[in-house]
Every structure is written in structure tokens, then in C-alpha cells.
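*Asks:* Below are the C-alpha cells for one structure; questions will follow.
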Amino acid sequence: MIRFEPHDPGDPSDPMQSGADRDVVLPLLVEREGPRLHGLARRFCGDAQMAEDLVQEVFLRAYEAWPTFRGDSKVSTWLFRIAARTCGRMQRKRAGEPERVESLEELLPSGQPRLTYIPGRGEEPLDVQVREESRRAVQAAIARLPEDFRMPIVLREIVGFSLAEIAAILDVPEATIKTRLHRARLKLRQALESVVPEREVPAYTLERDLCVDLLHAKQACLDREEPFQFPDGIFCERCEVVFRSLDFTQELCALEAGEGWPPGLEERILQALEARGTPGAAGEA
């Protein structure tokens with residue numbers, strides 16, 4: 001995932017502090033936050049041209065709204081809050097979009113005798129073609145998620161925000177964000193079933209409730225980007241196979257963050273901002 005130094009709203013030397021000249025701030029925001037804002041737009045929209053239009057629209061809206069920024073949050077949080085609202089306005093419910101995502105209980109692969117198998121250390125890795133097909137399958141699965149689940153998974157796994165930051169961006173309780181993320185990850189894991197070879201896996205060898213608790217612990221580590229470390233033998237083979245597939249989907253999502261700007265988009269946005277700053281141009285959009 002793309003990483004940027006956090007903005008400190010209390011640092012008087014930061015050019016992005018509240019009250020700063022927006023004609024100085026917005027080009028810096030384009031440089032600092034533009035690539036991952038485009039990552040959000042690309043995965044949220046599912047259409048390259050619409051994504052570019054959305055990114056430009058967000059920066060123009062931010063330009064107009066800059067005088068209202070009081071510095072009580074990170075500037076990135078403020079910008080992506082505008083982005084989330086703009087996404088909501090630009091996106092209509094798509095034909096075939098599901099009404100709901102199954103509950104955690106429904107998404108658990110508890111009754112399947114065969115599971116998607118991601119090789120572990122020392123095993124022959126998945127070949128290049130399977131990995132690429134897996135990447136496309138996860139991309140398509142993200143695009144099919146309802147908006148309430150698509151936005152948090154993109155903000156977390158592709159853009160790289162923390163749960164607390166996502167909650168602030170979307171104005172939704174952090175506990176709700178966590179639940180939606182966990183369900184979305186399991187839904188993306190299902191997308192691998194059509195492309196990754198399966199292997200017969202034994203039934204749970206531990207109490208099922210313990211396996212569910214371990215799955216929650218694994219997801220919590222994914223939330224925090226921390227390694228999931230337990231003594232050998234504390235979880236069963238079925239749990240281990242599921243955990244590997246979750247790691248693999250997160251790895252595939254992270255690949256989506258590194259594509260950068262499309263040719264010419266940054267320049268077009270800067271030109272649009274410069275035009276907006278021309279006397280008499282403000283407020284015309």
C-alpha cells in the first residue's frame with residue numbers, strides 16, 4: 001500500500017495547516033495524496049475514465065472547501081471524506097449489485113470438504129497465470145461489493161488507512177467498519193474458488209467456536225497489519241488454509257496500490273486548479 005507521512009494539524013511549519021493559501025496547498029495535496037486517491041477511484045468506480053473524472057472532481061471540491069478546513073483532523077482524512085461523499089453522489093446503484101453481503105457465519109467455509117489451497121513455505125508456489133487470474137478475480141469481487149462494503153475494503157487494503165481513519169472518513173463507528181471489513185475479506189476469499197486449485201481439507205479438529213475465535217484474531221491482525229503468531233498446533237489445518245487465503249487476498253489487494261498516476265492526469269488536475277484560482281473563476285463549477 002502507498003504510504004505517506006502523516007499530517008500534523010498542530011505543526012505550524014506544515015504548509016497544509018488550516019488557513020494556508022489554497023493555491024499553495026492544493027497542488028501539494030495533488031502530489032502527496034493524488035496517487036492513492038486515484039487508487040480509491042479506480043477500484044471504486046471500476047471504469048478508468050470515470051475514475052479520472054472523480055479524482056479531478058474531488059480536488060476541485062477540495063479547492064472550494066479549503067476555507068472550511070479547521071485543522072481538527074489530518075488533511076488526508078478531510079480530503080478522503082470529500083472523496084467518499086463525491087463517490088456516493090457519482091455512483092448510482094448498479095444493475096446486478098447485491099442487496100447484502102452474507103453474515104460472518106454464512107461466509108465461514110465450515111462445511112466444504114475442499115478449500116482453495118494457497119501453498120505454504122517450502123511448497124511449490126502458485127504459477128504466474130494462476131496469480132494473475134486470482135488478481136483479476138479479486139478485482140471483480142471488489143467491484144461487485146455493495147458500496148458500504150466496497151469503500152471500507154478499498155480504503156483499508158488498497159489505500160492503506162487505519163480503521164480509526166476510515167471511521168472518521170465515512171462517519172461510521174469503528175466497530176461497524178471492522179465488521180464490514182471482516183465480511184468483505186471473506187467475500188473476496190470466496191472469489192479465489194473459481195481460479196485457485198482446491199485441496200481436500202480435514203474437518204475442524206478443534207472446537208468450532210475456538211476456530212471462529214482464531215479467525216477473528218487473524219482478521220484483527222490483518223486490520224493492524226501485524227503478523228499472526230501463535231504457538232505451533234494451536235490451530236487446525238482447516239484454519240491454516242483459510243488464513244493463507246486471507247493473506248493472499250490482502251497481498252493481491254496491495255498490488256492494486258502501486259500503479260500510480262495515469263499519463264497526463266496529474267497535469268490536467270493542476271491545470272484545472274490553476275484555472276479555478278484565476279480571478280473570477282472561483283465558484284463557476
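Lettering and numbering for the C-alpha cells are positional, with chains as A, B, ... in the shown order, residues counted from 1 in each chain, and ligands counted from 1 in the shown order.
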Where does DSSP see helix (DSSP H, G or I) in stretch 59-266 of chain A, if you list the residues as a VMD selection string?

*Replies:* chain A and resid 59 to 68 75 to 90 104 to 107 128 to 144 147 to 159 163 to 170 174 to 194 208 to 224 237 to 258 265 to 266

*Asks:* Any idea what's packed within 8 Å of stretch 210-223 of chain A, counting only C-alpha atoms, ignoring anything in its chain fewer than 2 positions away? Could you give it as a PyMOL selection string?

*Replies:* chain A and resi 156+162-163+178+182+204+206-208+225-228+235-236+239+243

*Asks:* DSSP on the backbone, strand (DSSP E or B) only: what residues of stretch 54-219 of chain A does that give? Format it as an MDAnalysis selection string.

*Replies:* chainID A and resid 114:116 198:200

*Asks:* Find, counting only C-alpha atoms, the residue in A:Lys74, A:Arg85, A:Arg199, A:Arg224 that gets nearest to A:Asp171.

*Replies:*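 Of A:Lys74, A:Arg85, A:Arg199, A:Arg224, the one nearest A:Asp171, counting only C-alpha atoms, is A:Arg85.
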
*Asks:* Determine, counting only C-alpha atoms, which protein, DNA and RNA residues have an atom within 12 Å of an atom of A:Ala143; residues of the same chain fewer than 2 positions away are not included. Present the result as a PyMOL selection string.

*Replies:* chain A and resi 40-47+93-94+96-98+136-141+145-151+153-154+184+187-188+191

*Asks:* Looking at only C-alpha atoms, which of A:Gln190, A:Ser76, A:Thr179, A:Gln49 is the one that sits closest to A:Ser134?

*Replies:* A:Gln190
